[in-house]
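Working notes, beginning with the structure itself.
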Amino acid sequence: MGKPSRKPLKVASNTAEPHLAVVVASHGRHFLAKDEQNTLWQLYGKGKRREVAVGDVVSIDPSGDCQAWIADIQPRSNLLYRSDALKSKMFAANLDQVMLVLAVSPPYSPELLGRTWVACRHAGVPLHIVFNKADLLQGEDELREQLMDDLARWTLSDTPIHLLSITAQPHDSKTVLHPLVHGKRTLVLGQSGMGKSTLINLLIPGAAAATNEVSLALNAGKHTTTHTRLHAGDGFELIDSPGFQAFGLHHLSEAELLAVFEDIQDRGMRCRFANCQHLKEPGCAVKEALETDDLHEPRYALYQLLKAELQASSPKGPRPAPPTATAWRI
Ligand SMILES: Nc1nc2c(ncn2[C@@H]2O[C@H](COP(=O)(O)OP(=O)(O)OP(=O)(O)O)[C@@H](O)[C@H]2O)c(=O)[nH]1
Ligand SMILES: [Mg+2]
Ligand SMILES: [Zn+2]
């Protein structure tokens, strides 16, 4: 579980008094929080106090009928979010790790994988990749090896990759997944249809029912996940999230971006010009590394794309501030 949630919540004996609760569901601007007595509260907030994410510990001021005002947001150990030039969207806060679920059908987007890797690195949240639907790769040994090799190159071999088939081999999948999530709060991320909710239902039987319950409370209600929801298992927590199709990273500065792309930063030290942009300059060690096949071309292309996105948005004004506290980790 996330670090702040390990702190005992100070719950007043009378739940009508202000006390702490953990945000367990978010849908647009609607939030639900659960206190230590397992009471669910529908949250209301004004201004900055409305900018909460699932996993946040909030101080709530009950106003009656299981409704409460957000009085305060406790400091976060980390915050994962995405942002384009105009707005930010928080995924979740106070995470121990992210599990990114990929599959061949529907096909995963390598660019979204790269963006997720960058966001996790920047937020200091460890990442695991679950490559699901391995049953669809049966008899395709060459393709499978190529996929695994490609994933390792995208992630600089620093990210554990677990090849699973959650529906075809649920028992084996459980055996792999249980030790990974035990004692932790894990955000399950990925594009739509990859198997995030299937994974959560495997590890937390009954999570599907809970999902329906919250869908009704928040006025949603489709099979595809439409809101972010924290599910409590036996000694671990999993956060289900809606499939994403975009993952803007406008909240990084150019220096932060380069620090995350350490393979490019290292090689850039050897470029002839100190301010080399690694585009067409003579004596560019980064371009050279691309030609010797030493540097992964799609990573380089993503770095240039992200940098161009930052440069295109900066003249319009200051970058949008992080939703609340800057992401930091104990
Ligand atoms: N062949 C195969 N299908 C799977 C596997 N795991 C999940 N699926 C199927 O993939 C489909 C999508 O699964 P979900 O768990 O709803 O996917 P999701 O990532 O939660 O999707 P969103 O909620 O839309 O973001 C379902 O029909 C699952 O039965 C697997 O291991 N193999
Ligand atoms: Mg889902
Ligand atoms: Zn260069």
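Ordered as shown in the structure tokens, chains take letters A, B, and onward, while each chain numbers its residues from 1 and ligands are numbered from 1 in the order shown.
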Counting only C-alpha atoms and all ligand atoms, which residues in chain A sit no more than 12 Å from ligand 2? For each one, give the nearest pair of atoms and the distance in Å, sorted by chain then residue number, as a tab-separated table.
```
residue	atom	partner	partner_atom_place_in_ligand_line	distance
A:Val101	CA	ligand 2	1 (Mg)	10.8
A:Val188	CA	ligand 2	1 (Mg)	9.4
A:Leu189	CA	ligand 2	1 (Mg)	9.4
A:Gly190	CA	ligand 2	1 (Mg)	9.1
A:Gln191	CA	ligand 2	1 (Mg)	9.2
A:Ser192	CA	ligand 2	1 (Mg)	6.9
A:Gly193	CA	ligand 2	1 (Mg)	7.0
A:Met194	CA	ligand 2	1 (Mg)	8.2
A:Gly195	CA	ligand 2	1 (Mg)	6.7
A:Lys196	CA	ligand 2	1 (Mg)	5.3
A:Ser197	CA	ligand 2	1 (Mg)	4.1
A:Thr198	CA	ligand 2	1 (Mg)	7.2
A:Leu199	CA	ligand 2	1 (Mg)	9.1
A:Ile200	CA	ligand 2	1 (Mg)	8.8
A:Asn201	CA	ligand 2	1 (Mg)	9.9
A:Ala207	CA	ligand 2	1 (Mg)	11.2
A:Ala208	CA	ligand 2	1 (Mg)	9.7
A:Thr211	CA	ligand 2	1 (Mg)	9.7
A:Asn212	CA	ligand 2	1 (Mg)	11.7
A:Gly221	CA	ligand 2	1 (Mg)	11.7
A:Lys222	CA	ligand 2	1 (Mg)	9.6
A:His223	CA	ligand 2	1 (Mg)	7.3
A:Thr224	CA	ligand 2	1 (Mg)	5.0
A:Thr225	CA	ligand 2	1 (Mg)	4.0
A:Thr226	CA	ligand 2	1 (Mg)	7.6
A:His227	CA	ligand 2	1 (Mg)	8.9
A:Thr228	CA	ligand 2	1 (Mg)	9.4
A:Arg229	CA	ligand 2	1 (Mg)	10.2
A:Ile239	CA	ligand 2	1 (Mg)	10.5
A:Asp240	CA	ligand 2	1 (Mg)	6.7
A:Ser241	CA	ligand 2	1 (Mg)	6.6
A:Pro242	CA	ligand 2	1 (Mg)	5.9
A:Gly243	CA	ligand 2	1 (Mg)	6.8
A:Phe244	CA	ligand 2	1 (Mg)	10.6
```
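Taking only C-alpha atoms and all ligand atoms into account, every polymer residue with at least one atom at most 12 Å away from ligand 3 is listed here: Ile264, Gln265, Asp266, Arg267, Gly268, Met269, Arg270, Cys271, Arg272, Phe273, Ala274, Asn275, Cys276, Gln277, His278, Leu279, Lys280, Glu281, Pro282, Gly283, Cys284, Ala285, Val286, Lys287, Glu288, Ala289, Leu290, Tyr300 and Gln304 of chain A.
Contact shell of range 152-158 of chain A at 9 Å (only C-alpha atoms; same-chain neighbours under 4 positions omitted): A:Pro110, A:Leu113, A:Gly114, A:Trp117, A:Leu127, A:Leu147, A:Met148, A:Asp263, A:Leu295, A:His296, A:Pro298, A:Arg299.
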Using only N, CA and C atoms, please write the residues we just selected to a file, as a short mmCIF file (atom, residue, chain, number, x, y, z; two decimals), in the first residue's frame.
```
data_model
loop_
_atom_site.label_atom_id
_atom_site.label_comp_id
_atom_site.auth_asym_id
_atom_site.auth_seq_id
_atom_site.Cartn_x
_atom_site.Cartn_y
_atom_site.Cartn_z
N PRO A 110 3.60 1.30 -29.23
CA PRO A 110 4.93 1.47 -28.65
C PRO A 110 5.15 2.90 -28.15
N LEU A 113 3.66 3.18 -24.79
CA LEU A 113 4.54 2.46 -23.85
C LEU A 113 5.72 3.37 -23.47
N GLY A 114 6.32 4.01 -24.48
CA GLY A 114 7.46 4.90 -24.22
C GLY A 114 7.07 6.06 -23.32
N TRP A 117 6.64 4.90 -19.76
CA TRP A 117 7.97 4.67 -19.16
C TRP A 117 8.57 6.01 -18.71
N LEU A 127 8.19 0.62 -12.51
CA LEU A 127 7.27 0.12 -13.54
C LEU A 127 7.48 -1.36 -13.79
N LEU A 147 9.14 -9.18 -30.00
CA LEU A 147 8.39 -8.27 -29.13
C LEU A 147 9.12 -8.05 -27.80
N MET A 148 9.59 -9.15 -27.22
CA MET A 148 10.28 -9.05 -25.91
C MET A 148 11.56 -8.24 -26.05
N ASP A 263 20.22 7.54 -21.92
CA ASP A 263 21.03 6.99 -23.02
C ASP A 263 21.40 8.09 -24.01
N LEU A 295 21.88 2.73 -30.31
CA LEU A 295 20.81 3.51 -29.68
C LEU A 295 19.49 3.12 -30.36
N HIS A 296 18.46 2.89 -29.54
CA HIS A 296 17.17 2.43 -30.09
C HIS A 296 16.48 3.58 -30.82
N PRO A 298 13.42 4.11 -32.11
CA PRO A 298 12.11 4.62 -31.64
C PRO A 298 12.21 5.47 -30.37
N ARG A 299 13.17 5.14 -29.50
CA ARG A 299 13.35 5.96 -28.29
C ARG A 299 13.84 7.35 -28.67
#
```
Could you give me, as a list in words, each residue of range 80-177 of chain A that DSSP assigns to strand (DSSP E) when run on this structure's backbone? Leu80, Tyr81, Arg82, Ser83, Ser88, Lys89, Met90, Phe91, Ala92, Ala93, Gln97, Val98, Met99, Leu100, Val101, Leu102, Leu127, His128, Ile129, Val130, Phe131, Ile161, His162 and Leu163 of chain A
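Comparing A:Thr175, A:Ser253, A:Thr167, A:Ser26 by their smallest distance to ligand 1, the closest is A:Thr167 (using only C-alpha atoms and all ligand atoms).
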